[in-house]
$ cat run.cif   # mmCIF, C-alpha atoms
data_protein
#
loop_
_atom_site.group_PDB
_atom_site.id
_atom_site.type_symbol
_atom_site.label_atom_id
_atom_site.label_comp_id
_atom_site.auth_asym_id
_atom_site.auth_seq_id
_atom_site.Cartn_x
_atom_site.Cartn_y
_atom_site.Cartn_z
ATOM 1 C CA ARG T 1 0.000 0.000 0.000
ATOM 2 C CA LYS T 2 1.312 3.453 -0.910
ATOM 3 C CA GLU T 3 1.992 5.825 1.967
ATOM 4 C CA VAL T 4 -0.075 8.564 0.303
ATOM 5 C CA GLU T 5 -2.788 7.707 -2.195
ATOM 6 C CA GLN T 6 -4.673 9.997 -4.537
ATOM 7 C CA ASP T 7 -7.076 9.554 -7.421
ATOM 8 C CA PRO T 8 -4.918 10.456 -10.459
ATOM 9 C CA GLY T 9 -7.855 11.897 -12.423
ATOM 10 C CA PRO T 10 -7.968 13.799 -14.668
ATOM 11 C CA PHE T 11 -10.908 15.745 -13.353
ATOM 12 C CA ASN T 12 -12.457 17.673 -16.244
ATOM 13 C CA VAL T 13 -14.704 20.505 -15.019
ATOM 14 C CA PRO T 14 -16.186 23.655 -16.549
ATOM 15 C CA GLU T 15 -15.275 27.101 -15.304
ATOM 16 C CA GLY T 16 -17.230 28.001 -12.206
ATOM 17 C CA ALA T 17 -17.635 24.433 -11.022
ATOM 18 C CA THR T 18 -16.803 23.147 -7.555
ATOM 19 C CA VAL T 19 -14.408 20.215 -7.431
ATOM 20 C CA ALA T 20 -13.090 18.109 -4.561
ATOM 21 C CA PHE T 21 -9.958 15.999 -4.315
ATOM 22 C CA ASN T 22 -9.362 13.304 -1.738
ATOM 23 C CA CYS T 23 -6.239 11.745 -0.338
ATOM 24 C CA THR T 24 -5.535 8.997 2.201
ATOM 25 C CA TYR T 25 -2.340 8.333 4.119
ATOM 26 C CA SER T 26 -1.192 5.156 5.823
ATOM 27 C CA ASN T 27 1.005 6.337 8.718
ATOM 28 C CA SER T 28 -1.106 7.326 11.705
ATOM 29 C CA ALA T 29 1.918 9.108 13.221
ATOM 30 C CA SER T 30 2.033 11.657 10.401
ATOM 31 C CA GLN T 31 2.372 15.150 11.763
ATOM 32 C CA SER T 32 1.864 17.774 9.060
ATOM 33 C CA PHE T 33 -0.185 17.846 5.907
ATOM 34 C CA PHE T 34 -0.072 19.963 2.773
ATOM 35 C CA TRP T 35 -1.485 20.475 -0.680
ATOM 36 C CA TYR T 36 1.035 21.433 -3.360
ATOM 37 C CA ARG T 37 0.225 22.588 -6.859
ATOM 38 C CA GLN T 38 2.383 21.561 -9.812
ATOM 39 C CA ASP T 39 1.982 23.088 -13.251
ATOM 40 C CA CYS T 40 3.098 21.147 -16.318
ATOM 41 C CA ARG T 41 6.907 20.890 -16.452
ATOM 42 C CA LYS T 42 7.327 23.122 -13.384
ATOM 43 C CA GLU T 43 8.258 22.615 -9.772
ATOM 44 C CA PRO T 44 5.675 21.924 -7.039
ATOM 45 C CA LYS T 45 4.614 24.971 -5.069
ATOM 46 C CA LEU T 46 2.956 25.013 -1.677
ATOM 47 C CA LEU T 47 -0.753 25.747 -2.038
ATOM 48 C CA MET T 48 -1.777 25.423 1.583
ATOM 49 C CA SER T 49 -1.150 23.585 4.805
ATOM 50 C CA VAL T 50 -3.944 21.439 6.197
ATOM 51 C CA TYR T 51 -5.030 21.658 9.820
ATOM 52 C CA SER T 52 -7.323 19.475 11.894
ATOM 53 C CA SER T 53 -9.748 22.348 12.301
ATOM 54 C CA GLY T 54 -9.923 22.827 8.548
ATOM 55 C CA ASN T 55 -8.700 25.928 6.822
ATOM 56 C CA GLU T 56 -9.715 28.144 3.967
ATOM 57 C CA ASP T 57 -7.801 30.401 1.603
ATOM 58 C CA GLY T 58 -10.077 32.224 -0.769
ATOM 59 C CA ARG T 59 -11.717 29.657 -3.048
ATOM 60 C CA PHE T 60 -9.714 26.785 -1.549
ATOM 61 C CA THR T 61 -10.732 24.788 1.520
ATOM 62 C CA ALA T 62 -8.686 21.986 3.041
ATOM 63 C CA GLN T 63 -9.869 19.435 5.589
ATOM 64 C CA LEU T 64 -8.076 16.810 7.652
ATOM 65 C CA ASN T 65 -9.676 13.798 9.319
ATOM 66 C CA ARG T 66 -7.018 12.161 11.496
ATOM 67 C CA ALA T 67 -9.287 9.329 12.607
ATOM 68 C CA SER T 68 -9.897 8.261 9.006
ATOM 69 C CA GLN T 69 -6.424 9.348 7.820
ATOM 70 C CA TYR T 70 -8.036 11.364 5.098
ATOM 71 C CA ILE T 71 -7.299 14.785 3.580
ATOM 72 C CA SER T 72 -9.421 16.769 1.168
ATOM 73 C CA LEU T 73 -9.159 19.869 -0.982
ATOM 74 C CA LEU T 74 -12.211 21.741 -2.236
ATOM 75 C CA ILE T 75 -11.951 24.310 -5.018
ATOM 76 C CA ARG T 76 -14.955 26.555 -5.538
ATOM 77 C CA ASP T 77 -15.701 28.664 -8.618
ATOM 78 C CA SER T 78 -12.970 26.980 -10.685
ATOM 79 C CA LYS T 79 -10.872 29.186 -12.947
ATOM 80 C CA LEU T 80 -8.985 28.204 -16.103
ATOM 81 C CA SER T 81 -5.802 29.038 -14.191
ATOM 82 C CA ASP T 82 -6.586 26.315 -11.641
ATOM 83 C CA SER T 83 -5.683 23.680 -14.245
ATOM 84 C CA ALA T 84 -2.713 21.856 -12.737
ATOM 85 C CA THR T 85 -1.771 18.740 -10.814
ATOM 86 C CA TYR T 86 -2.503 18.841 -7.089
ATOM 87 C CA LEU T 87 -0.172 16.872 -4.834
ATOM 88 C CA CYS T 88 -1.197 15.622 -1.425
ATOM 89 C CA VAL T 89 1.845 15.704 0.869
ATOM 90 C CA VAL T 90 2.353 14.280 4.339
ATOM 91 C CA PHE T 91 5.195 14.927 6.821
ATOM 92 C CA THR T 92 5.907 11.639 8.477
ATOM 93 C CA ARG T 93 8.597 9.569 10.074
ATOM 94 C CA GLY T 94 10.373 7.293 7.612
ATOM 95 C CA THR T 95 13.096 4.753 8.332
ATOM 96 C CA GLY T 96 15.589 6.786 10.324
ATOM 97 C CA PHE T 97 14.349 10.276 9.581
ATOM 98 C CA GLN T 98 11.333 12.457 9.161
ATOM 99 C CA LYS T 99 10.370 13.365 5.625
ATOM 100 C CA LEU T 100 7.695 14.632 3.299
ATOM 101 C CA VAL T 101 5.924 11.900 1.360
ATOM 102 C CA PHE T 102 4.289 12.963 -1.894
ATOM 103 C CA GLY T 103 1.222 11.498 -3.509
ATOM 104 C CA THR T 104 1.355 11.000 -7.256
ATOM 105 C CA GLY T 105 -1.050 13.893 -7.789
ATOM 106 C CA THR T 106 -4.542 14.549 -9.098
ATOM 107 C CA ARG T 107 -4.762 16.319 -12.418
ATOM 108 C CA LEU T 108 -7.388 19.042 -12.843
ATOM 109 C CA LEU T 109 -8.460 20.417 -16.220
ATOM 110 C CA VAL T 110 -10.789 23.425 -16.168
ATOM 111 C CA SER T 111 -12.418 24.213 -19.496
ATOM 112 C CA PRO T 112 -14.217 27.346 -20.747
ATOM 113 C CA ASP F 1 14.869 37.495 -2.646
ATOM 114 C CA GLY F 2 15.585 34.153 -1.018
ATOM 115 C CA GLY F 3 15.154 30.979 -2.982
ATOM 116 C CA ILE F 4 16.648 27.914 -4.575
ATOM 117 C CA THR F 5 18.458 28.047 -7.885
ATOM 118 C CA GLN F 6 18.941 24.980 -10.028
ATOM 119 C CA SER F 7 21.109 24.924 -13.121
ATOM 120 C CA PRO F 8 21.094 24.165 -15.901
ATOM 121 C CA LYS F 9 17.397 24.159 -16.787
ATOM 122 C CA TYR F 10 17.975 21.621 -19.577
ATOM 123 C CA LEU F 11 20.839 19.153 -19.813
ATOM 124 C CA PHE F 12 21.711 16.575 -22.438
ATOM 125 C CA ARG F 13 23.947 13.658 -21.589
ATOM 126 C CA LYS F 14 25.605 11.160 -23.836
ATOM 127 C CA GLU F 15 25.646 7.503 -22.902
ATOM 128 C CA GLY F 16 28.436 6.760 -20.415
ATOM 129 C CA GLN F 17 28.939 10.342 -19.260
ATOM 130 C CA ASN F 18 28.731 11.701 -15.761
ATOM 131 C CA VAL F 19 26.895 14.990 -15.360
ATOM 132 C CA THR F 20 26.478 17.283 -12.364
ATOM 133 C CA LEU F 21 23.336 19.241 -11.537
ATOM 134 C CA SER F 22 23.739 22.357 -9.456
ATOM 135 C CA CYS F 23 21.517 23.397 -6.542
ATOM 136 C CA GLU F 24 22.124 26.544 -4.499
ATOM 137 C CA GLN F 25 19.917 28.067 -1.802
ATOM 138 C CA ASN F 26 20.094 31.337 0.123
ATOM 139 C CA LEU F 27 17.257 30.551 2.530
ATOM 140 C CA ASN F 28 19.640 29.511 5.311
ATOM 141 C CA HIS F 29 17.929 26.125 5.388
ATOM 142 C CA ASP F 30 19.760 23.263 7.036
ATOM 143 C CA ALA F 31 18.203 20.415 5.051
ATOM 144 C CA MET F 32 18.373 19.842 1.306
ATOM 145 C CA TYR F 33 16.934 17.136 -0.908
ATOM 146 C CA TRP F 34 17.093 15.750 -4.431
ATOM 147 C CA TYR F 35 14.051 14.222 -6.079
ATOM 148 C CA ARG F 36 13.450 12.616 -9.426
ATOM 149 C CA GLN F 37 10.127 12.847 -11.257
ATOM 150 C CA ASP F 38 9.209 10.718 -14.256
ATOM 151 C CA PRO F 39 6.227 11.495 -16.511
ATOM 152 C CA GLY F 40 2.950 10.708 -14.789
ATOM 153 C CA GLN F 41 4.703 9.627 -11.609
ATOM 154 C CA GLY F 42 5.273 11.046 -8.176
ATOM 155 C CA LEU F 43 8.454 12.428 -6.678
ATOM 156 C CA ARG F 44 11.040 9.891 -5.619
ATOM 157 C CA LEU F 45 13.759 10.801 -3.110
ATOM 158 C CA ILE F 46 17.331 10.289 -4.338
ATOM 159 C CA TYR F 47 19.477 11.789 -1.557
ATOM 160 C CA TYR F 48 19.011 14.139 1.349
ATOM 161 C CA SER F 49 21.257 16.115 3.659
ATOM 162 C CA GLN F 50 20.213 17.444 7.034
ATOM 163 C CA ILE F 51 23.495 19.185 7.836
ATOM 164 C CA VAL F 52 26.739 20.215 6.172
ATOM 165 C CA ASN F 53 29.181 17.359 5.498
ATOM 166 C CA ASP F 54 26.486 14.752 6.019
ATOM 167 C CA PHE F 55 24.065 13.151 3.570
ATOM 168 C CA GLN F 56 21.990 10.005 3.341
ATOM 169 C CA LYS F 57 20.612 7.793 0.594
ATOM 170 C CA GLY F 58 16.968 8.099 -0.263
ATOM 171 C CA ASP F 59 14.785 5.541 -1.984
ATOM 172 C CA ILE F 60 16.558 5.476 -5.375
ATOM 173 C CA ALA F 61 20.208 6.452 -4.752
ATOM 174 C CA GLU F 62 21.835 3.914 -7.063
ATOM 175 C CA GLY F 63 23.716 5.608 -9.895
ATOM 176 C CA TYR F 64 23.771 8.991 -8.161
ATOM 177 C CA SER F 65 26.209 10.790 -5.861
ATOM 178 C CA VAL F 66 26.075 14.044 -3.873
ATOM 179 C CA SER F 67 28.234 16.270 -1.703
ATOM 180 C CA ARG F 68 27.402 18.870 0.940
ATOM 181 C CA GLU F 69 30.531 20.914 1.565
ATOM 182 C CA LYS F 70 28.634 24.158 2.097
ATOM 183 C CA LYS F 71 25.268 24.865 3.655
ATOM 184 C CA GLU F 72 24.128 26.651 0.511
ATOM 185 C CA SER F 73 25.079 24.000 -2.023
ATOM 186 C CA PHE F 74 23.992 20.420 -2.701
ATOM 187 C CA PRO F 75 25.139 19.262 -6.169
ATOM 188 C CA LEU F 76 23.927 15.971 -7.633
ATOM 189 C CA THR F 77 26.051 13.886 -9.981
ATOM 190 C CA VAL F 78 24.274 11.470 -12.287
ATOM 191 C CA THR F 79 26.843 8.788 -13.038
ATOM 192 C CA SER F 80 27.109 6.411 -15.954
ATOM 193 C CA ALA F 81 25.874 3.696 -13.592
ATOM 194 C CA GLN F 82 22.398 5.242 -13.693
ATOM 195 C CA LYS F 83 20.817 3.256 -16.513
ATOM 196 C CA ASN F 84 17.726 5.363 -17.049
ATOM 197 C CA PRO F 85 18.650 8.946 -16.165
ATOM 198 C CA THR F 86 16.176 10.797 -18.404
ATOM 199 C CA ALA F 87 13.877 12.592 -15.944
ATOM 200 C CA PHE F 88 12.988 15.877 -14.277
ATOM 201 C CA TYR F 89 15.243 16.511 -11.263
ATOM 202 C CA LEU F 90 14.064 18.706 -8.416
ATOM 203 C CA CYS F 91 16.111 20.102 -5.571
ATOM 204 C CA ALA F 92 14.400 21.245 -2.383
ATOM 205 C CA SER F 93 15.316 22.661 0.987
ATOM 206 C CA SER F 94 13.623 22.972 4.347
ATOM 207 C CA GLN F 95 13.911 24.300 7.832
ATOM 208 C CA ASP F 96 12.933 22.106 10.767
ATOM 209 C CA ARG F 97 13.338 18.921 8.679
ATOM 210 C CA GLY F 98 10.309 19.722 6.551
ATOM 211 C CA ARG F 99 7.614 20.054 9.184
ATOM 212 C CA ASP F 100 6.554 23.294 7.482
ATOM 213 C CA GLY F 101 7.028 21.940 3.974
ATOM 214 C CA TYR F 102 9.764 22.175 1.380
ATOM 215 C CA THR F 103 10.756 24.922 -1.028
ATOM 216 C CA PHE F 104 11.652 23.650 -4.483
ATOM 217 C CA GLY F 105 13.973 24.889 -7.174
ATOM 218 C CA SER F 106 12.664 25.183 -10.727
ATOM 219 C CA GLY F 107 14.172 21.854 -11.759
ATOM 220 C CA THR F 108 16.588 20.444 -14.314
ATOM 221 C CA ARG F 109 15.314 18.372 -17.199
ATOM 222 C CA LEU F 110 17.948 15.754 -18.103
ATOM 223 C CA THR F 111 17.810 13.880 -21.385
ATOM 224 C CA VAL F 112 20.112 11.117 -22.562
ATOM 225 C CA VAL F 113 21.001 11.417 -26.243
#
$ encode --input "run.cif" --output "structure tokens"
Amino acid sequence: RKEVEQDPGPFNVPEGATVAFNCTYSNSASQSFFWYRQDCRKEPKLLMSVYSSGNEDGRFTAQLNRASQYISLLIRDSKLSDSATYLCVVFTRGTGFQKLVFGTGTRLLVSP
Amino acid sequence: DGGITQSPKYLFRKEGQNVTLSCEQNLNHDAMYWYRQDPGQGLRLIYYSQIVNDFQKGDIAEGYSVSREKKESFPLTVTSAQKNPTAFYLCASSQDRGRDGYTFGSGTRLTVV
């Protein structure tokens, strides 16, 4: 089982739609959680951290359910510029050191 | 502005050659990392360094080597022993071992010709 699992998509949505991505992680001792955005042929960039209480940044809302080991990202009023791959990332303890573990990403395509 | 600089952006390697990818950061971060990304796949950790003069193998270190002689610099050498080196290479750095996330450089795209 992968440490971080995501639906690879692609999710094809029209502009203005609401879309949700889900992610599960296997290590219950994981400590920090993030969503990164990666545009085609570019580096990943931090979109937002995810907190147990849930957090919102404009059109983006992230939720964490520690009991179910589940993370979500909701994008409201999708824009063409939201088209990208969204990486679910977990800070966890590996063999000998703590590290970020990256999901393989969910691809979003927003169309006019 | 603080950040991570990777060079070159594109690199072409002939069969049997060693090539070195540069990574420099001015964020004063202690930890640095090298990842490899193949099309449609996630990031895989090659090497990491949590302090100067110390580095550890990641999940796919075979065919790669690194050095960490300065806090700011973490170059990656792709040796001829790496049989499938064509990929997108990303360098990252972090404070506090990554608890607050990593900052990435813009990447080097390596192609074997």
$ residues_around --input "run.cif" --residues "T:Gly9" --least-positions-apart "2" --cutoff "7 Å" --atoms "all atoms listed in the file" --output "list in words"
Asp7, Phe11, Thr106 and Arg107 of chain T
$ write_last_selection --input "run.cif" --atoms "C-alpha atoms" --output "PDB file, in the frame of the given file"
ATOM      1  CA  ASP T   7      -7.076   9.554  -7.421  1.00  0.00           C
ATOM      2  CA  PHE T  11     -10.908  15.745 -13.353  1.00  0.00           C
ATOM      3  CA  THR T 106      -4.542  14.549  -9.098  1.00  0.00           C
ATOM      4  CA  ARG T 107      -4.762  16.319 -12.418  1.00  0.00           C
TER       5      ARG T 107
END
$ atom_distance --input "run.cif" --atom1 "atom CA of T:Val50" --atom2 "atom CA of F:Gln50"
24.5 Å
$ axis_aligned_box --input "run.cif" --around "stretch 86-104 of chain T" --padding-each-side "8 Å" --output "AutoDock Vina command-line options"
--center_x 6.5 --center_y 11.8 --center_z 1.5 --size_x 34.1 --size_y 30.1 --size_z 33.6
$ residues_around --input "run.cif" --residues "stretch 13-29 of chain T" --least-positions-apart "5" --cutoff "12 Å" --atoms "only C-alpha atoms" --output "PyMOL selection string"
chain T and resi 1-8+34-35+50+59-83+85-94+98+100-112
$ atom_distance --input "run.cif" --atom1 "atom CA of F:Thr77" --atom2 "atom CA of F:Leu27"
22.6 Å
$ atom_distance --input "run.cif" --atom1 "atom CA of F:Gln41" --atom2 "atom CA of F:Ser106"
17.5 Å
$ closest_residue --input "run.cif" --among "F:Asn84, F:Ser94, F:Asn18, F:Ser67" --to "chain T" --atoms "all atoms listed in the file"
F:Ser94
$ interface_residues --input "run.cif" --of "chain F" --to "chain T" --cutoff "7 Å" --atoms "only C-alpha atoms" --output "ChimeraX atom specification"
/F:41-43,97-99,104-107
$ resolve_selection --input "run.cif" --expression "the PyMOL selection byres ((chain F and resi 7) around 10)" --output "count of residues only"
17
$ closest_residue --input "run.cif" --among "F:Phe74, F:Gln25, F:Val113, F:Ala31" --to "F:Thr86" --atoms "all atoms listed in the file"
F:Val113
$ residues_around --input "run.cif" --residues "F:Tyr64" --least-positions-apart "3" --cutoff "8 Å" --atoms "only C-alpha atoms" --output "list in words"
Ile46, Ala61, Leu76, Thr77, Val78, Thr79, Ala81 and Gln82 of chain F
$ residues_near_point --input "run.cif" --point "(26.0, 12.2, -24.3)" --cutoff "12 Å" --atoms "only C-alpha atoms" --output "VMD selection string"
chain F and resid 11 to 19 79 to 80 85 to 86 110 to 113
$ write_last_selection --input "run.cif" --atoms "C-alpha atoms" --output "PDB file, keeping the file's coordinate frame"
ATOM      1  CA  LEU F  11      20.839  19.153 -19.813  1.00  0.00           C
ATOM      2  CA  PHE F  12      21.711  16.575 -22.438  1.00  0.00           C
ATOM      3  CA  ARG F  13      23.947  13.658 -21.589  1.00  0.00           C
ATOM      4  CA  LYS F  14      25.605  11.160 -23.836  1.00  0.00           C
ATOM      5  CA  GLU F  15      25.646   7.503 -22.902  1.00  0.00           C
ATOM      6  CA  GLY F  16      28.436   6.760 -20.415  1.00  0.00           C
ATOM      7  CA  GLN F  17      28.939  10.342 -19.260  1.00  0.00           C
ATOM      8  CA  ASN F  18      28.731  11.701 -15.761  1.00  0.00           C
ATOM      9  CA  VAL F  19      26.895  14.990 -15.360  1.00  0.00           C
ATOM     10  CA  THR F  79      26.843   8.788 -13.038  1.00  0.00           C
ATOM     11  CA  SER F  80      27.109   6.411 -15.954  1.00  0.00           C
ATOM     12  CA  PRO F  85      18.650   8.946 -16.165  1.00  0.00           C
ATOM     13  CA  THR F  86      16.176  10.797 -18.404  1.00  0.00           C
ATOM     14  CA  LEU F 110      17.948  15.754 -18.103  1.00  0.00           C
ATOM     15  CA  THR F 111      17.810  13.880 -21.385  1.00  0.00           C
ATOM     16  CA  VAL F 112      20.112  11.117 -22.562  1.00  0.00           C
ATOM     17  CA  VAL F 113      21.001  11.417 -26.243  1.00  0.00           C
TER      18      VAL F 113
END
$ residues_around --input "run.cif" --residues "F:Trp34" --least-positions-apart "4" --cutoff "9 Å" --atoms "only C-alpha atoms" --output "number ranges by chain"
F: 44-48, 58, 74-76, 89-93
